[in-house]
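As stored in input.cif (mmCIF, C-alpha atoms and all ligand atoms; chains and numbers go by the auth columns):
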```cif
data_target
#
loop_
_atom_site.group_PDB
_atom_site.id
_atom_site.type_symbol
_atom_site.label_atom_id
_atom_site.label_comp_id
_atom_site.label_asym_id
_atom_site.label_seq_id
_atom_site.Cartn_x
_atom_site.Cartn_y
_atom_site.Cartn_z
_atom_site.B_iso_or_equiv
_atom_site.auth_seq_id
_atom_site.auth_asym_id
ATOM 1 C CA MET A 1 -8.961 18.305 8.256 0.00 1 A
ATOM 2 C CA LEU A 2 -5.532 19.262 9.648 0.00 2 A
ATOM 3 C CA ASN A 3 -3.429 21.844 7.838 0.00 3 A
ATOM 4 C CA ALA A 4 0.183 21.253 6.744 0.00 4 A
ATOM 5 C CA ALA A 5 1.702 22.826 9.883 0.00 5 A
ATOM 6 C CA ALA A 6 -0.497 20.745 12.183 0.00 6 A
ATOM 7 C CA VAL A 7 0.473 17.584 10.297 0.00 7 A
ATOM 8 C CA ARG A 8 4.160 18.378 10.787 0.00 8 A
ATOM 9 C CA GLU A 9 3.561 18.890 14.517 0.00 9 A
ATOM 10 C CA ARG A 10 1.648 15.606 14.843 0.00 10 A
ATOM 11 C CA ALA A 11 4.389 13.832 12.882 0.00 11 A
ATOM 12 C CA ALA A 12 7.006 15.055 15.357 0.00 12 A
ATOM 13 C CA GLU A 13 4.865 13.776 18.242 0.00 13 A
ATOM 14 C CA LEU A 14 4.236 10.377 16.641 0.00 14 A
ATOM 15 C CA ARG A 15 7.804 9.608 15.559 0.00 15 A
ATOM 16 C CA GLY A 16 8.993 6.630 17.582 0.00 16 A
ATOM 17 C CA VAL A 17 5.581 5.317 18.610 0.00 17 A
ATOM 18 C CA THR A 18 4.471 1.901 17.379 0.00 18 A
ATOM 19 C CA PRO A 19 2.814 1.501 13.964 0.00 19 A
ATOM 20 C CA GLU A 20 -0.305 0.168 15.674 0.00 20 A
ATOM 21 C CA ARG A 21 -0.647 3.373 17.681 0.00 21 A
ATOM 22 C CA ILE A 22 -0.156 5.436 14.531 0.00 22 A
ATOM 23 C CA VAL A 23 -2.948 3.503 12.807 0.00 23 A
ATOM 24 C CA ALA A 24 -5.173 3.977 15.866 0.00 24 A
ATOM 25 C CA TRP A 25 -4.382 7.716 15.954 0.00 25 A
ATOM 26 C CA THR A 26 -5.307 8.028 12.278 0.00 26 A
ATOM 27 C CA VAL A 27 -8.619 6.224 12.666 0.00 27 A
ATOM 28 C CA ALA A 28 -9.524 8.364 15.697 0.00 28 A
ATOM 29 C CA THR A 29 -8.428 11.642 14.094 0.00 29 A
ATOM 30 C CA PHE A 30 -10.189 11.093 10.765 0.00 30 A
ATOM 31 C CA PRO A 31 -13.430 9.239 11.622 0.00 31 A
ATOM 32 C CA GLU A 32 -14.980 7.791 8.454 0.00 32 A
ATOM 33 C CA ARG A 33 -12.395 9.730 6.431 0.00 33 A
ATOM 34 C CA ALA A 34 -9.397 7.341 6.576 0.00 34 A
ATOM 35 C CA ALA A 35 -8.577 4.406 4.299 0.00 35 A
ATOM 36 C CA LEU A 36 -5.793 1.858 3.986 0.00 36 A
ATOM 37 C CA THR A 37 -4.412 0.661 0.654 0.00 37 A
ATOM 38 C CA VAL A 38 -3.176 -2.933 0.511 0.00 38 A
ATOM 39 C CA SER A 39 -1.779 -4.969 -2.396 0.00 39 A
ATOM 40 C CA PHE A 40 -1.607 -8.156 -0.267 0.00 40 A
ATOM 41 C CA GLY A 41 1.899 -8.784 -1.611 0.00 41 A
ATOM 42 C CA GLY A 42 3.989 -7.434 1.240 0.00 42 A
ATOM 43 C CA GLY A 43 3.871 -5.337 4.407 0.00 43 A
ATOM 44 C CA GLY A 44 0.322 -4.168 3.812 0.00 44 A
ATOM 45 C CA VAL A 45 -0.970 -7.276 5.555 0.00 45 A
ATOM 46 C CA VAL A 46 0.751 -6.064 8.727 0.00 46 A
ATOM 47 C CA LEU A 47 -1.269 -2.841 8.696 0.00 47 A
ATOM 48 C CA ALA A 48 -4.444 -4.671 7.684 0.00 48 A
ATOM 49 C CA HIS A 49 -3.975 -6.965 10.679 0.00 49 A
ATOM 50 C CA MET A 50 -3.452 -3.978 13.003 0.00 50 A
ATOM 51 C CA LEU A 51 -6.486 -2.228 11.542 0.00 51 A
ATOM 52 C CA SER A 52 -8.641 -5.320 12.072 0.00 52 A
ATOM 53 C CA ARG A 53 -7.934 -4.999 15.805 0.00 53 A
ATOM 54 C CA ILE A 54 -8.703 -1.272 15.856 0.00 54 A
ATOM 55 C CA ASP A 55 -11.723 -0.720 13.616 0.00 55 A
ATOM 56 C CA ARG A 56 -12.879 -3.178 10.934 0.00 56 A
ATOM 57 C CA ARG A 57 -15.164 -0.612 9.357 0.00 57 A
ATOM 58 C CA VAL A 58 -12.251 1.369 7.901 0.00 58 A
ATOM 59 C CA PRO A 59 -12.110 0.782 4.127 0.00 59 A
ATOM 60 C CA VAL A 60 -9.240 -1.361 2.857 0.00 60 A
ATOM 61 C CA LEU A 61 -8.675 -0.362 -0.761 0.00 61 A
ATOM 62 C CA PHE A 62 -7.412 -2.952 -3.247 0.00 62 A
ATOM 63 C CA LEU A 63 -6.567 -2.005 -6.831 0.00 63 A
ATOM 64 C CA GLU A 64 -8.056 -4.691 -9.062 0.00 64 A
ATOM 65 C CA THR A 65 -5.892 -4.069 -12.133 0.00 65 A
ATOM 66 C CA GLY A 66 -7.077 -7.168 -13.966 0.00 66 A
ATOM 67 C CA PHE A 67 -3.505 -8.495 -14.076 0.00 67 A
ATOM 68 C CA HIS A 68 -2.981 -9.944 -10.629 0.00 68 A
ATOM 69 C CA PHE A 69 -1.549 -13.401 -10.073 0.00 69 A
ATOM 70 C CA PRO A 70 -4.326 -15.898 -9.241 0.00 70 A
ATOM 71 C CA GLU A 71 -2.482 -16.454 -5.949 0.00 71 A
ATOM 72 C CA THR A 72 -2.906 -12.759 -5.086 0.00 72 A
ATOM 73 C CA LEU A 73 -6.651 -12.804 -5.664 0.00 73 A
ATOM 74 C CA ALA A 74 -7.135 -15.989 -3.652 0.00 74 A
ATOM 75 C CA PHE A 75 -4.955 -14.751 -0.800 0.00 75 A
ATOM 76 C CA LYS A 76 -6.715 -11.371 -0.752 0.00 76 A
ATOM 77 C CA ASP A 77 -10.124 -13.020 -0.368 0.00 77 A
ATOM 78 C CA GLN A 78 -8.917 -15.419 2.332 0.00 78 A
ATOM 79 C CA PHE A 79 -7.161 -12.698 4.336 0.00 79 A
ATOM 80 C CA ALA A 80 -10.096 -10.273 4.111 0.00 80 A
ATOM 81 C CA GLU A 81 -12.542 -12.911 5.271 0.00 81 A
ATOM 82 C CA ARG A 82 -10.336 -14.155 8.108 0.00 82 A
ATOM 83 C CA TYR A 83 -9.875 -10.658 9.564 0.00 83 A
ATOM 84 C CA GLY A 84 -13.287 -9.254 8.624 0.00 84 A
ATOM 85 C CA LEU A 85 -11.858 -6.414 6.544 0.00 85 A
ATOM 86 C CA ASN A 86 -14.056 -3.821 4.866 0.00 86 A
ATOM 87 C CA LEU A 87 -12.477 -4.601 1.481 0.00 87 A
ATOM 88 C CA VAL A 88 -13.186 -2.152 -1.341 0.00 88 A
ATOM 89 C CA GLU A 89 -11.986 -3.114 -4.823 0.00 89 A
ATOM 90 C CA LEU A 90 -11.100 -0.266 -7.170 0.00 90 A
ATOM 91 C CA ARG A 91 -11.290 -0.891 -10.911 0.00 91 A
ATOM 92 C CA PRO A 92 -10.108 1.068 -13.948 0.00 92 A
ATOM 93 C CA ALA A 93 -12.634 3.236 -15.772 0.00 93 A
ATOM 94 C CA THR A 94 -11.615 1.743 -19.130 0.00 94 A
ATOM 95 C CA ASP A 95 -9.891 -1.422 -20.314 0.00 95 A
ATOM 96 C CA PRO A 96 -6.945 -0.555 -22.552 0.00 96 A
ATOM 97 C CA GLY A 97 -5.887 -4.198 -23.015 0.00 97 A
ATOM 98 C CA PRO A 98 -2.252 -5.286 -22.571 0.00 98 A
ATOM 99 C CA LEU A 99 -0.902 -1.746 -22.617 0.00 99 A
ATOM 100 C CA TYR A 100 1.915 -2.842 -20.275 0.00 100 A
ATOM 101 C CA ARG A 101 3.772 -4.121 -23.362 0.00 101 A
ATOM 102 C CA THR A 102 4.048 -0.740 -25.047 0.00 102 A
ATOM 103 C CA ASP A 103 3.443 1.922 -22.395 0.00 103 A
ATOM 104 C CA PRO A 104 3.664 0.614 -18.820 0.00 104 A
ATOM 105 C CA ASP A 105 3.466 4.103 -17.318 0.00 105 A
ATOM 106 C CA HIS A 106 0.143 4.739 -19.022 0.00 106 A
ATOM 107 C CA CYS A 107 -1.031 1.241 -18.117 0.00 107 A
ATOM 108 C CA CYS A 108 -0.292 1.935 -14.436 0.00 108 A
ATOM 109 C CA TRP A 109 -2.052 5.257 -14.731 0.00 109 A
ATOM 110 C CA ILE A 110 -5.251 3.727 -16.074 0.00 110 A
ATOM 111 C CA ARG A 111 -5.260 0.625 -13.874 0.00 111 A
ATOM 112 C CA LYS A 112 -3.885 2.021 -10.621 0.00 112 A
ATOM 113 C CA VAL A 113 -3.368 5.764 -10.301 0.00 113 A
ATOM 114 C CA GLU A 114 -6.618 7.076 -11.751 0.00 114 A
ATOM 115 C CA PRO A 115 -8.870 4.646 -9.815 0.00 115 A
ATOM 116 C CA LEU A 116 -7.070 5.486 -6.570 0.00 116 A
ATOM 117 C CA GLN A 117 -7.177 9.205 -7.296 0.00 117 A
ATOM 118 C CA ARG A 118 -10.940 8.910 -7.776 0.00 118 A
ATOM 119 C CA ALA A 119 -11.382 6.960 -4.543 0.00 119 A
ATOM 120 C CA LEU A 120 -9.200 9.251 -2.439 0.00 120 A
ATOM 121 C CA GLY A 121 -11.536 12.142 -3.186 0.00 121 A
ATOM 122 C CA GLY A 122 -13.692 10.650 -0.434 0.00 122 A
ATOM 123 C CA PHE A 123 -10.984 10.537 2.238 0.00 123 A
ATOM 124 C CA ASP A 124 -8.760 12.877 4.247 0.00 124 A
ATOM 125 C CA ALA A 125 -6.156 10.310 5.353 0.00 125 A
ATOM 126 C CA TRP A 126 -4.495 7.543 3.334 0.00 126 A
ATOM 127 C CA ILE A 127 -2.594 4.851 5.243 0.00 127 A
ATOM 128 C CA SER A 128 0.058 2.958 3.294 0.00 128 A
ATOM 129 C CA ALA A 129 2.702 0.327 4.095 0.00 129 A
ATOM 130 C CA VAL A 130 5.484 2.055 2.153 0.00 130 A
ATOM 131 C CA ARG A 131 8.846 1.948 3.966 0.00 131 A
ATOM 132 C CA SER A 132 11.881 4.246 3.711 0.00 132 A
ATOM 133 C CA ASP A 133 14.255 1.332 3.120 0.00 133 A
ATOM 134 C CA GLN A 134 12.538 0.166 -0.080 0.00 134 A
ATOM 135 C CA GLY A 135 14.745 2.212 -2.403 0.00 135 A
ATOM 136 C CA ASP A 136 15.890 5.705 -3.299 0.00 136 A
ATOM 137 C CA THR A 137 12.438 6.862 -4.376 0.00 137 A
ATOM 138 C CA ARG A 138 11.095 6.058 -0.919 0.00 138 A
ATOM 139 C CA ALA A 139 13.957 7.320 1.232 0.00 139 A
ATOM 140 C CA GLY A 140 13.190 10.162 3.646 0.00 140 A
ATOM 141 C CA LEU A 141 9.538 9.291 4.234 0.00 141 A
ATOM 142 C CA ASP A 142 7.964 10.791 7.325 0.00 142 A
ATOM 143 C CA ILE A 143 5.356 9.082 9.487 0.00 143 A
ATOM 144 C CA LEU A 144 2.799 11.680 8.392 0.00 144 A
ATOM 145 C CA GLU A 145 2.929 13.903 5.331 0.00 145 A
ATOM 146 C CA TYR A 146 0.508 16.544 4.055 0.00 146 A
ATOM 147 C CA HIS A 147 -0.028 16.224 0.294 0.00 147 A
ATOM 148 C CA GLN A 148 -2.165 17.626 -2.483 0.00 148 A
ATOM 149 C CA ALA A 149 -3.793 14.948 -4.626 0.00 149 A
ATOM 150 C CA ASN A 150 -5.427 16.362 -7.708 0.00 150 A
ATOM 151 C CA GLY A 151 -6.312 19.596 -5.877 0.00 151 A
ATOM 152 C CA HIS A 152 -7.587 17.689 -2.847 0.00 152 A
ATOM 153 C CA PRO A 153 -5.577 17.809 0.428 0.00 153 A
ATOM 154 C CA ILE A 154 -4.769 14.433 1.933 0.00 154 A
ATOM 155 C CA VAL A 155 -2.690 13.289 4.895 0.00 155 A
ATOM 156 C CA LYS A 156 -0.487 10.366 3.899 0.00 156 A
ATOM 157 C CA VAL A 157 0.234 8.068 6.830 0.00 157 A
ATOM 158 C CA PHE A 158 3.222 5.724 6.722 0.00 158 A
ATOM 159 C CA PRO A 159 3.193 3.763 10.007 0.00 159 A
ATOM 160 C CA LEU A 160 5.982 1.455 8.735 0.00 160 A
ATOM 161 C CA ALA A 161 8.236 4.264 7.452 0.00 161 A
ATOM 162 C CA GLY A 162 10.923 3.378 9.983 0.00 162 A
ATOM 163 C CA TRP A 163 10.562 -0.401 9.758 0.00 163 A
ATOM 164 C CA SER A 164 12.893 -2.742 7.875 0.00 164 A
ATOM 165 C CA ARG A 165 11.902 -5.820 5.894 0.00 165 A
ATOM 166 C CA ASP A 166 13.060 -7.893 8.877 0.00 166 A
ATOM 167 C CA ASP A 167 10.686 -5.958 11.142 0.00 167 A
ATOM 168 C CA VAL A 168 7.789 -6.831 8.816 0.00 168 A
ATOM 169 C CA TRP A 169 8.694 -10.523 8.868 0.00 169 A
ATOM 170 C CA ARG A 170 9.147 -10.464 12.645 0.00 170 A
ATOM 171 C CA TYR A 171 5.613 -9.098 13.054 0.00 171 A
ATOM 172 C CA ILE A 172 4.159 -11.656 10.622 0.00 172 A
ATOM 173 C CA ARG A 173 5.792 -14.517 12.526 0.00 173 A
ATOM 174 C CA GLU A 174 5.054 -13.186 16.034 0.00 174 A
ATOM 175 C CA GLN A 175 1.394 -12.586 15.205 0.00 175 A
ATOM 176 C CA ASP A 176 1.160 -15.761 13.127 0.00 176 A
ATOM 177 C CA ILE A 177 -0.615 -14.014 10.275 0.00 177 A
ATOM 178 C CA PRO A 178 -0.773 -15.492 6.747 0.00 178 A
ATOM 179 C CA TYR A 179 1.293 -14.008 3.919 0.00 179 A
ATOM 180 C CA HIS A 180 1.278 -14.157 0.114 0.00 180 A
ATOM 181 C CA PRO A 181 2.283 -17.687 -1.013 0.00 181 A
ATOM 182 C CA LEU A 182 4.664 -16.413 -3.727 0.00 182 A
ATOM 183 C CA LEU A 183 6.893 -14.895 -1.033 0.00 183 A
ATOM 184 C CA ASP A 184 8.062 -18.466 -0.387 0.00 184 A
ATOM 185 C CA GLN A 185 8.873 -18.924 -4.089 0.00 185 A
ATOM 186 C CA GLY A 186 11.554 -16.273 -4.557 0.00 186 A
ATOM 187 C CA PHE A 187 9.333 -13.221 -4.972 0.00 187 A
ATOM 188 C CA THR A 188 10.129 -10.300 -2.660 0.00 188 A
ATOM 189 C CA SER A 189 7.643 -7.712 -3.981 0.00 189 A
ATOM 190 C CA ILE A 190 4.486 -8.696 -5.829 0.00 190 A
ATOM 191 C CA GLY A 191 2.415 -6.669 -8.272 0.00 191 A
ATOM 192 C CA CYS A 192 0.804 -7.480 -11.622 0.00 192 A
ATOM 193 C CA TRP A 193 2.079 -10.718 -13.207 0.00 193 A
ATOM 194 C CA PRO A 194 3.313 -9.150 -16.486 0.00 194 A
ATOM 195 C CA CYS A 195 5.581 -6.779 -14.531 0.00 195 A
ATOM 196 C CA THR A 196 6.807 -8.960 -11.661 0.00 196 A
ATOM 197 C CA ARG A 197 9.537 -11.592 -11.502 0.00 197 A
ATOM 198 C CA ALA A 198 11.178 -13.474 -8.680 0.00 198 A
ATOM 199 C CA THR A 199 14.361 -11.898 -7.333 0.00 199 A
ATOM 200 C CA ARG A 200 17.782 -13.481 -7.022 0.00 200 A
ATOM 201 C CA PRO A 201 19.599 -13.671 -3.672 0.00 201 A
ATOM 202 C CA GLY A 202 21.173 -10.309 -2.853 0.00 202 A
ATOM 203 C CA GLU A 203 18.975 -8.284 -5.215 0.00 203 A
ATOM 204 C CA PRO A 204 17.036 -5.323 -3.782 0.00 204 A
ATOM 205 C CA GLU A 205 13.519 -6.079 -2.578 0.00 205 A
ATOM 206 C CA ARG A 206 11.819 -4.375 -5.536 0.00 206 A
ATOM 207 C CA ALA A 207 14.272 -5.504 -8.262 0.00 207 A
ATOM 208 C CA GLY A 208 11.646 -7.863 -9.658 0.00 208 A
ATOM 209 C CA ARG A 209 9.167 -5.081 -10.402 0.00 209 A
ATOM 210 C CA TRP A 210 9.193 -3.799 -14.024 0.00 210 A
ATOM 211 C CA SER A 211 12.548 -5.520 -14.458 0.00 211 A
ATOM 212 C CA GLY A 212 14.206 -4.348 -17.700 0.00 212 A
ATOM 213 C CA MET A 213 11.405 -1.831 -18.354 0.00 213 A
ATOM 214 C CA GLY A 214 13.219 1.267 -17.045 0.00 214 A
ATOM 215 C CA LYS A 215 10.572 1.812 -14.380 0.00 215 A
ATOM 216 C CA THR A 216 10.659 1.496 -10.592 0.00 216 A
ATOM 217 C CA GLU A 217 7.335 2.911 -9.385 0.00 217 A
ATOM 218 C CA CYS A 218 3.751 2.564 -10.567 0.00 218 A
ATOM 219 C CA GLY A 219 3.018 6.202 -9.784 0.00 219 A
ATOM 220 C CA LEU A 220 0.748 5.623 -6.790 0.00 220 A
ATOM 221 C CA HIS A 221 3.198 7.383 -4.530 0.00 221 A
ATOM 222 C CA THR A 222 4.279 10.091 -6.946 0.00 222 A
ATOM 223 C CA PHE A 223 0.989 11.550 -8.213 0.00 223 A
ATOM 224 C CA THR A 224 0.481 13.481 -4.982 0.00 224 A
ATOM 225 C CA VAL A 225 2.584 16.537 -4.177 0.00 225 A
ATOM 226 C CA LYS A 226 4.026 16.965 -0.704 0.00 226 A
ATOM 227 C CA VAL A 227 3.333 20.384 0.780 0.00 227 A
HETATM 228 S S1 LIG B . 2.082 -3.125 -13.044 0.00 301 A
HETATM 229 FE FE1 LIG B . 2.160 -3.663 -15.262 0.00 301 A
HETATM 230 S S2 LIG B . 0.180 -4.628 -15.768 0.00 301 A
HETATM 231 FE FE2 LIG B . -0.014 -3.627 -13.747 0.00 301 A
HETATM 232 S S3 LIG B . -0.905 -1.666 -14.201 0.00 301 A
HETATM 233 FE FE3 LIG B . 1.317 -1.347 -14.165 0.00 301 A
HETATM 234 S S4 LIG B . 2.076 -1.685 -16.270 0.00 301 A
HETATM 235 FE FE4 LIG B . -0.071 -2.449 -16.136 0.00 301 A
#
```
Using structure tokens, write down the structure that the file contains.
Ligand code: SF4
Amino acid sequence: MLNAAAVRERAAELRGVTPERIVAWTVATFPERAALTVSFGGGGVVLAHMLSRIDRRVPVLFLETGFHFPETLAFKDQFAERYGLNLVELRPATDPGPLYRTDPDHCCWIRKVEPLQRALGGFDAWISAVRSDQGDTRAGLDILEYHQANGHPIVKVFPLAGWSRDDVWRYIREQDIPYHPLLDQGFTSIGCWPCTRATRPGEPERAGRWSGMGKTECGLHTFTVKV
């Protein structure tokens, strides 16, 4: 496992290289200790496609919250089969029912954050498709960051940190890879159905997530602490 200073040095070296090379570096640096998280609703399919060409054994973690659109579940299965992904579905430890109506933060904690926290205990590197241009809470991301997750050190890897939404779509079209069907129906970011709506032209990419609920993040990218 690299320490925080080494991660900063590697980040400086990797800035400007292609996302595919960053994914390959991660897989080579953390053998059997790296995982990718994918929601199948956006840029994650780009990284899953890259990973399928590098090493299909690397776990692809999917948070099965119990509230996905049927289209998400069908697309996830089709994509994983087509590219031979090592798909691992993470489920909540308890079922609190439709808690999203009264306490969406706690709902996200039970259905997303806690299951991921549990799973990440088995890894040293976590690859994610988060991009800097997705909003204020994601601005300033580095390619590599050293974090503490529940007392466990983890290297967060953001190969698409410097990419725009247009870059993601360019890759999808150039590589002719499938994408979530709701993206053609006005949705620009897709999560659980109770907390996702289509966006209007000109709205920010994630405006349809927790719309009117005073919430912008599920907590997956805020429960770790950057060192
Ligand atoms: S996105 Fe909504 S339904 Fe899904 S876990 Fe969070 S609050 Fe619950």
Can you write out as a Markdown table which residues of stretch 48-92 of chain A fall within 12 Å of stretch 165-172 of chain A, alongside each residue's closest atom pair and its distance in Å to one decimal, counting all atoms listed in the file and ordering rows by chain and ascending residue number?
```
| residue | atom | partner | partner_atom | distance |
| --- | --- | --- | --- | --- |
| A:Ala48 | CA | A:Ile172 | CA | 11.5 |
| A:His49 | CA | A:Ile172 | CA | 9.4 |
| A:Met50 | CA | A:Tyr171 | CA | 10.4 |
```
Store the residues picked out above, limited to C-alpha atoms, as a compact mmCIF listing (two decimals), keeping the file's coordinate frame.
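Saved to part29.txt:
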```txt
# COMPACT_ATOMS: atom_id res chain seq x y z
CA ALA A 48 -4.44 -4.67 7.68
CA HIS A 49 -3.98 -6.96 10.68
CA MET A 50 -3.45 -3.98 13.00
```
Give me the box for stretch 179-185 of chain A as AutoDock Vina command-line options, namely the centre and edge lengths in Å to one decimal of a box along x, y and z that holds every listed atom plus 4 Å on each side.
```
--center_x 5.1 --center_y -16.5 --center_z -0.1 --size_x 15.6 --size_y 12.9 --size_z 16.0
```
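A straight line drawn from atom S4 of ligand LIG 301 (chain A) to atom CA of A:Leu51 is 29.1 Å long.
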Can you build me a table of chain A residues sitting at most 6 Å from ligand LIG 301 (chain A), with the closest atom pair per residue and its distance in Å to one decimal, using only C-alpha atoms and all ligand atoms, sorted by chain and residue number, as CSV?
```
residue,atom,partner,partner_atom,distance
A:Thr65,CA,A:LIG301,S3,5.9
A:Phe67,CA,A:LIG301,S2,5.6
A:Tyr100,CA,A:LIG301,S4,4.2
A:Pro104,CA,A:LIG301,S4,3.8
A:Cys107,CA,A:LIG301,FE4,4.3
A:Cys108,CA,A:LIG301,S3,3.7
A:Arg111,CA,A:LIG301,S3,4.9
A:Lys112,CA,A:LIG301,S3,5.9
A:Gly191,CA,A:LIG301,S1,6.0
A:Cys192,CA,A:LIG301,FE2,4.5
A:Pro194,CA,A:LIG301,S2,5.5
A:Cys195,CA,A:LIG301,FE1,4.7
A:Cys218,CA,A:LIG301,FE3,5.8
```
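Picture a line from atom CA of A:Ile143 to atom CA of A:Ile22; it runs 8.3 Å.
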Residue by residue, what does the PyMOL selection byres (((chain A and resi 128) around 8) and not hetatm) grab here? Present the result as a PyMOL selection string.
chain A and resi 36-38+44+126-127+129-130+156-159
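Compared by their closest atoms to A:Asn86, and using all atoms listed in the file, the residues A:Ala35, A:Leu47, A:Ala125, A:Ile110 rank with A:Ala35 nearest.
Taking atom CA of A:Asp55 as the reference point, atom CA of A:Ala80 is found at 13.6 Å.
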